[in-house]
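Novice: Have a look at this one.
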Amino acid sequence: MKFKPCIDLHAGQVKQIVGSTLTENDSSLPVENFVSSLSAEEYARIYKRDNLYGGHIVMLGKNCEEAAFTALRTFPGGFHIGGGINLENAMDYINAGASHVIVTSFVFNDGHIDMPKLEALSSAVGKQRLVIDLSCRRLPTEQDGDFYVVTNKWTKFTDFAVTVESLTRLSAYCDEFLVHGVDVEGKRAGIETSLVKLLGEFAAATGVVVTYAGGVRSLEDLELVNEVGRGHVDCTVGSALDIFGGDLSYDEVLRWHRLRNPPM
């Protein structure tokens, strides 16, 4: 299991926001946990210094591209990038230094997965450079049911349930999965244990890399992800970290990561 860093961009600034408060048309502002005085470039320098590859940059809305491109050029090959990725711009981000592009909304249409679009994007950038973001939540009426992918800034439910079988089918078109537990994202209230368990079952059986994001607030939560995910689910920590205004020491998380992933 690895710790994967993140840079979340909103209106060009590095922020940590409550994902469930995003709106599709920007008619209201999301709840912000933290707005950083540091630039995306400065965070990229930190992660480069600490040799943390495979983190993600997510562009949440407009006016984020300049900051994103700067971070990519600061740490070439260090980041995956998502937010508005499509056939027209995917290679621009790869050429700027992204190791992978992350896609969600582009491959879903009217609540259904659009396989021709997914196949086209996978072919254009290469399966080995594509990450599918399956940000998901349970239906409000089925609190013990399946997790369904949500798109359009996590506001629209699709009919795509996240299961071992559905992940296995999609893995033919991508290198990795990024899975946000939307209902706990940014709340520092603990992880979606049942979701991590499902991801661990899939990753252990297939060897496909899966990164979970959502709700981690302590080293104990990281240990829980490691345990429930069978050691096969990587994890992102956002608003809980002190570098994003939280109480969890980034340096302690880095030590935790290095103990489990010693240099080769």
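Every chain in the structure tokens has a letter given in the order shown (A, B, ...), and although residue numbers restart at 1 in each chain, ligands are simply numbered from 1 in the order shown.
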Which neighbours of A:Lys127 fall inside 12 Å, counting only C-alpha atoms, when residues of the same chain fewer than 2 positions from it are skipped, and could you give them as an NGL selection string?
Specialist: :A and (99-102 or 118-125 or 129-132 or 170-177)
Novice: Using C-alpha atoms, can you export the residues from the last selection as a compact mmCIF listing (two decimals), in the first residue's frame?
Specialist:
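Result file follows (out33.txt):
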# COMPACT_ATOMS: atom_id res chain seq x y z
CA SER A 99 2.20 10.20 -16.52
CA HIS A 100 -1.55 9.47 -16.85
CA VAL A 101 -4.79 11.28 -17.56
CA ILE A 102 -7.84 10.67 -15.40
CA LEU A 118 -13.77 4.98 -23.62
CA GLU A 119 -12.30 2.80 -26.34
CA ALA A 120 -11.34 5.87 -28.39
CA LEU A 121 -9.63 7.60 -25.46
CA SER A 122 -7.83 4.42 -24.40
CA SER A 123 -6.58 3.99 -27.95
CA ALA A 124 -5.55 7.66 -28.28
CA VAL A 125 -3.45 7.94 -25.11
CA ARG A 129 -1.58 6.09 -19.49
CA LEU A 130 -5.28 6.09 -18.64
CA VAL A 131 -6.85 6.19 -15.17
CA ILE A 132 -10.61 5.84 -14.80
CA LEU A 170 -13.20 -1.70 -17.39
CA SER A 171 -9.65 -2.71 -16.53
CA ALA A 172 -9.22 -3.85 -20.13
CA TYR A 173 -9.13 -0.15 -21.11
CA CYS A 174 -7.07 1.49 -18.35
CA ASP A 175 -3.97 1.15 -16.22
CA GLU A 176 -5.39 2.20 -12.85
CA PHE A 177 -8.54 3.27 -11.04
Novice: When DSSP is applied to the backbone of this structure, which of stretch 26-150 of chain A are assigned alpha helix (DSSP H)? Write them out as a PDB file with N, CA, C and O atoms, in the first residue's frame.
Specialist:
ATOM      1  N   ALA A  40       0.172  25.557  -6.756  1.00  0.00           N
ATOM      2  CA  ALA A  40       0.273  24.162  -7.199  1.00  0.00           C
ATOM      3  C   ALA A  40       1.725  23.800  -7.480  1.00  0.00           C
ATOM      4  O   ALA A  40       2.170  22.676  -7.198  1.00  0.00           O
ATOM      5  N   GLU A  41       2.485  24.735  -8.026  1.00  0.00           N
ATOM      6  CA  GLU A  41       3.901  24.490  -8.304  1.00  0.00           C
ATOM      7  C   GLU A  41       4.663  24.174  -7.019  1.00  0.00           C
ATOM      8  O   GLU A  41       5.516  23.269  -7.001  1.00  0.00           O
ATOM      9  N   GLU A  42       4.357  24.896  -5.942  1.00  0.00           N
ATOM     10  CA  GLU A  42       5.067  24.666  -4.686  1.00  0.00           C
ATOM     11  C   GLU A  42       4.741  23.297  -4.099  1.00  0.00           C
ATOM     12  O   GLU A  42       5.624  22.614  -3.564  1.00  0.00           O
ATOM     13  N   TYR A  43       3.479  22.866  -4.204  1.00  0.00           N
ATOM     14  CA  TYR A  43       3.147  21.504  -3.761  1.00  0.00           C
ATOM     15  C   TYR A  43       3.857  20.466  -4.621  1.00  0.00           C
ATOM     16  O   TYR A  43       4.339  19.441  -4.121  1.00  0.00           O
ATOM     17  N   ALA A  44       3.933  20.728  -5.926  1.00  0.00           N
ATOM     18  CA  ALA A  44       4.624  19.797  -6.809  1.00  0.00           C
ATOM     19  C   ALA A  44       6.091  19.659  -6.415  1.00  0.00           C
ATOM     20  O   ALA A  44       6.660  18.557  -6.461  1.00  0.00           O
ATOM     21  N   ARG A  45       6.711  20.751  -6.005  1.00  0.00           N
ATOM     22  CA  ARG A  45       8.107  20.689  -5.572  1.00  0.00           C
ATOM     23  C   ARG A  45       8.261  19.837  -4.311  1.00  0.00           C
ATOM     24  O   ARG A  45       9.242  19.092  -4.154  1.00  0.00           O
ATOM     25  N   ILE A  46       7.300  19.954  -3.395  1.00  0.00           N
ATOM     26  CA  ILE A  46       7.338  19.138  -2.171  1.00  0.00           C
ATOM     27  C   ILE A  46       7.265  17.658  -2.523  1.00  0.00           C
ATOM     28  O   ILE A  46       8.061  16.832  -2.039  1.00  0.00           O
ATOM     29  N   TYR A  47       6.318  17.295  -3.369  1.00  0.00           N
ATOM     30  CA  TYR A  47       6.137  15.884  -3.713  1.00  0.00           C
ATOM     31  C   TYR A  47       7.323  15.352  -4.517  1.00  0.00           C
ATOM     32  O   TYR A  47       7.719  14.184  -4.353  1.00  0.00           O
ATOM     33  N   LYS A  48       7.896  16.191  -5.359  1.00  0.00           N
ATOM     34  CA  LYS A  48       9.088  15.788  -6.104  1.00  0.00           C
ATOM     35  C   LYS A  48      10.256  15.556  -5.151  1.00  0.00           C
ATOM     36  O   LYS A  48      10.979  14.549  -5.271  1.00  0.00           O
ATOM     37  N   ARG A  49      10.448  16.472  -4.213  1.00  0.00           N
ATOM     38  CA  ARG A  49      11.509  16.324  -3.208  1.00  0.00           C
ATOM     39  C   ARG A  49      11.379  15.003  -2.450  1.00  0.00           C
ATOM     40  O   ARG A  49      12.378  14.331  -2.171  1.00  0.00           O
ATOM     41  N   GLU A  65      -6.284  25.433 -15.591  1.00  0.00           N
ATOM     42  CA  GLU A  65      -5.330  24.823 -16.512  1.00  0.00           C
ATOM     43  C   GLU A  65      -3.912  25.357 -16.337  1.00  0.00           C
ATOM     44  O   GLU A  65      -2.949  24.579 -16.330  1.00  0.00           O
ATOM     45  N   GLU A  66      -3.770  26.663 -16.166  1.00  0.00           N
ATOM     46  CA  GLU A  66      -2.423  27.240 -16.056  1.00  0.00           C
ATOM     47  C   GLU A  66      -1.689  26.689 -14.839  1.00  0.00           C
ATOM     48  O   GLU A  66      -0.513  26.293 -14.928  1.00  0.00           O
ATOM     49  N   ALA A  67      -2.365  26.653 -13.705  1.00  0.00           N
ATOM     50  CA  ALA A  67      -1.745  26.109 -12.494  1.00  0.00           C
ATOM     51  C   ALA A  67      -1.414  24.635 -12.665  1.00  0.00           C
ATOM     52  O   ALA A  67      -0.363  24.159 -12.205  1.00  0.00           O
ATOM     53  N   ALA A  68      -2.302  23.902 -13.334  1.00  0.00           N
ATOM     54  CA  ALA A  68      -2.072  22.471 -13.542  1.00  0.00           C
ATOM     55  C   ALA A  68      -0.863  22.223 -14.433  1.00  0.00           C
ATOM     56  O   ALA A  68       0.000  21.385 -14.120  1.00  0.00           O
ATOM     57  N   PHE A  69      -0.766  22.953 -15.531  1.00  0.00           N
ATOM     58  CA  PHE A  69       0.367  22.772 -16.437  1.00  0.00           C
ATOM     59  C   PHE A  69       1.687  23.109 -15.737  1.00  0.00           C
ATOM     60  O   PHE A  69       2.703  22.438 -15.940  1.00  0.00           O
ATOM     61  N   THR A  70       1.682  24.132 -14.908  1.00  0.00           N
ATOM     62  CA  THR A  70       2.898  24.504 -14.182  1.00  0.00           C
ATOM     63  C   THR A  70       3.333  23.393 -13.241  1.00  0.00           C
ATOM     64  O   THR A  70       4.525  23.052 -13.159  1.00  0.00           O
ATOM     65  N   ALA A  71       2.383  22.804 -12.532  1.00  0.00           N
ATOM     66  CA  ALA A  71       2.712  21.706 -11.620  1.00  0.00           C
ATOM     67  C   ALA A  71       3.243  20.495 -12.385  1.00  0.00           C
ATOM     68  O   ALA A  71       4.206  19.850 -11.948  1.00  0.00           O
ATOM     69  N   LEU A  72       2.644  20.192 -13.519  1.00  0.00           N
ATOM     70  CA  LEU A  72       3.109  19.051 -14.320  1.00  0.00           C
ATOM     71  C   LEU A  72       4.545  19.253 -14.782  1.00  0.00           C
ATOM     72  O   LEU A  72       5.360  18.326 -14.763  1.00  0.00           O
ATOM     73  N   ARG A  73       4.851  20.454 -15.201  1.00  0.00           N
ATOM     74  CA  ARG A  73       6.210  20.726 -15.692  1.00  0.00           C
ATOM     75  C   ARG A  73       7.231  20.746 -14.545  1.00  0.00           C
ATOM     76  O   ARG A  73       8.418  20.501 -14.766  1.00  0.00           O
ATOM     77  N   THR A  74       6.763  21.025 -13.346  1.00  0.00           N
ATOM     78  CA  THR A  74       7.651  21.040 -12.180  1.00  0.00           C
ATOM     79  C   THR A  74       8.052  19.634 -11.764  1.00  0.00           C
ATOM     80  O   THR A  74       9.181  19.415 -11.304  1.00  0.00           O
ATOM     81  N   ALA A  90      -6.329  15.472 -24.082  1.00  0.00           N
ATOM     82  CA  ALA A  90      -5.628  14.484 -23.258  1.00  0.00           C
ATOM     83  C   ALA A  90      -4.123  14.473 -23.507  1.00  0.00           C
ATOM     84  O   ALA A  90      -3.313  14.486 -22.576  1.00  0.00           O
ATOM     85  N   MET A  91      -3.730  14.488 -24.785  1.00  0.00           N
ATOM     86  CA  MET A  91      -2.301  14.416 -25.096  1.00  0.00           C
ATOM     87  C   MET A  91      -1.571  15.707 -24.738  1.00  0.00           C
ATOM     88  O   MET A  91      -0.348  15.680 -24.520  1.00  0.00           O
ATOM     89  N   ASP A  92      -2.282  16.824 -24.641  1.00  0.00           N
ATOM     90  CA  ASP A  92      -1.640  18.060 -24.198  1.00  0.00           C
ATOM     91  C   ASP A  92      -1.081  17.891 -22.786  1.00  0.00           C
ATOM     92  O   ASP A  92       0.029  18.358 -22.482  1.00  0.00           O
ATOM     93  N   TYR A  93      -1.862  17.235 -21.935  1.00  0.00           N
ATOM     94  CA  TYR A  93      -1.420  17.031 -20.552  1.00  0.00           C
ATOM     95  C   TYR A  93      -0.311  15.976 -20.472  1.00  0.00           C
ATOM     96  O   TYR A  93       0.639  16.128 -19.683  1.00  0.00           O
ATOM     97  N   ILE A  94      -0.419  14.940 -21.293  1.00  0.00           N
ATOM     98  CA  ILE A  94       0.657  13.947 -21.340  1.00  0.00           C
ATOM     99  C   ILE A  94       1.955  14.606 -21.803  1.00  0.00           C
ATOM    100  O   ILE A  94       3.027  14.404 -21.213  1.00  0.00           O
ATOM    101  N   ASN A  95       1.872  15.409 -22.836  1.00  0.00           N
ATOM    102  CA  ASN A  95       3.061  16.076 -23.368  1.00  0.00           C
ATOM    103  C   ASN A  95       3.635  17.096 -22.395  1.00  0.00           C
ATOM    104  O   ASN A  95       4.835  17.416 -22.454  1.00  0.00           O
ATOM    105  N   ALA A  96       2.786  17.614 -21.496  1.00  0.00           N
ATOM    106  CA  ALA A  96       3.261  18.578 -20.496  1.00  0.00           C
ATOM    107  C   ALA A  96       3.921  17.904 -19.304  1.00  0.00           C
ATOM    108  O   ALA A  96       4.489  18.590 -18.451  1.00  0.00           O
ATOM    109  N   MET A 115     -19.078   3.280 -24.113  1.00  0.00           N
ATOM    110  CA  MET A 115     -17.932   2.437 -24.431  1.00  0.00           C
ATOM    111  C   MET A 115     -17.166   2.904 -25.665  1.00  0.00           C
ATOM    112  O   MET A 115     -15.931   2.855 -25.668  1.00  0.00           O
ATOM    113  N   PRO A 116     -17.827   3.368 -26.728  1.00  0.00           N
ATOM    114  CA  PRO A 116     -17.043   3.877 -27.858  1.00  0.00           C
ATOM    115  C   PRO A 116     -16.111   5.025 -27.467  1.00  0.00           C
ATOM    116  O   PRO A 116     -14.972   5.093 -27.931  1.00  0.00           O
ATOM    117  N   LYS A 117     -16.578   5.939 -26.605  1.00  0.00           N
ATOM    118  CA  LYS A 117     -15.725   7.033 -26.151  1.00  0.00           C
ATOM    119  C   LYS A 117     -14.552   6.497 -25.326  1.00  0.00           C
ATOM    120  O   LYS A 117     -13.417   6.962 -25.461  1.00  0.00           O
ATOM    121  N   LEU A 118     -14.833   5.557 -24.440  1.00  0.00           N
ATOM    122  CA  LEU A 118     -13.768   4.981 -23.623  1.00  0.00           C
ATOM    123  C   LEU A 118     -12.744   4.278 -24.495  1.00  0.00           C
ATOM    124  O   LEU A 118     -11.528   4.440 -24.307  1.00  0.00           O
ATOM    125  N   GLU A 119     -13.210   3.508 -25.443  1.00  0.00           N
ATOM    126  CA  GLU A 119     -12.300   2.795 -26.344  1.00  0.00           C
ATOM    127  C   GLU A 119     -11.450   3.779 -27.146  1.00  0.00           C
ATOM    128  O   GLU A 119     -10.246   3.568 -27.335  1.00  0.00           O
ATOM    129  N   ALA A 120     -12.074   4.879 -27.599  1.00  0.00           N
ATOM    130  CA  ALA A 120     -11.344   5.872 -28.388  1.00  0.00           C
ATOM    131  C   ALA A 120     -10.270   6.562 -27.555  1.00  0.00           C
ATOM    132  O   ALA A 120      -9.136   6.759 -28.011  1.00  0.00           O
ATOM    133  N   LEU A 121     -10.599   6.918 -26.313  1.00  0.00           N
ATOM    134  CA  LEU A 121      -9.626   7.596 -25.461  1.00  0.00           C
ATOM    135  C   LEU A 121      -8.499   6.651 -25.067  1.00  0.00           C
ATOM    136  O   LEU A 121      -7.321   7.032 -25.072  1.00  0.00           O
ATOM    137  N   SER A 122      -8.848   5.417 -24.748  1.00  0.00           N
ATOM    138  CA  SER A 122      -7.832   4.424 -24.398  1.00  0.00           C
ATOM    139  C   SER A 122      -6.875   4.199 -25.561  1.00  0.00           C
ATOM    140  O   SER A 122      -5.657   4.085 -25.375  1.00  0.00           O
ATOM    141  N   SER A 123      -7.412   4.168 -26.762  1.00  0.00           N
ATOM    142  CA  SER A 123      -6.582   3.994 -27.947  1.00  0.00           C
ATOM    143  C   SER A 123      -5.711   5.219 -28.204  1.00  0.00           C
ATOM    144  O   SER A 123      -4.543   5.101 -28.582  1.00  0.00           O
ATOM    145  N   ALA A 124      -6.265   6.414 -27.973  1.00  0.00           N
ATOM    146  CA  ALA A 124      -5.551   7.655 -28.279  1.00  0.00           C
ATOM    147  C   ALA A 124      -4.359   7.881 -27.358  1.00  0.00           C
ATOM    148  O   ALA A 124      -3.283   8.281 -27.812  1.00  0.00           O
ATOM    149  N   VAL A 125      -4.537   7.651 -26.055  1.00  0.00           N
ATOM    150  CA  VAL A 125      -3.447   7.936 -25.112  1.00  0.00           C
ATOM    151  C   VAL A 125      -2.669   6.683 -24.734  1.00  0.00           C
ATOM    152  O   VAL A 125      -1.556   6.776 -24.213  1.00  0.00           O
TER     153      VAL A 125
END
Novice: I'd like the contact shell of A:Ala189 - 8 Å cut-off, only C-alpha atoms, skipping same-chain residues fewer than 5 positions apart - returned as a list in words.
Specialist: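 After dropping sequence-adjacent residues, the list is Val184, Gly215, Val216 and Arg217 of chain A.
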Novice: Would you please give, as a PyMOL selection string, all residues of stretch 68-235 of chain A that DSSP assigns to strand (DSSP E) based on the backbone?
Specialist: chain A and resi 79-82+100-103+108-109+112-113+130-133+136-138+147-151+156-161+176-180+209-213+233-235
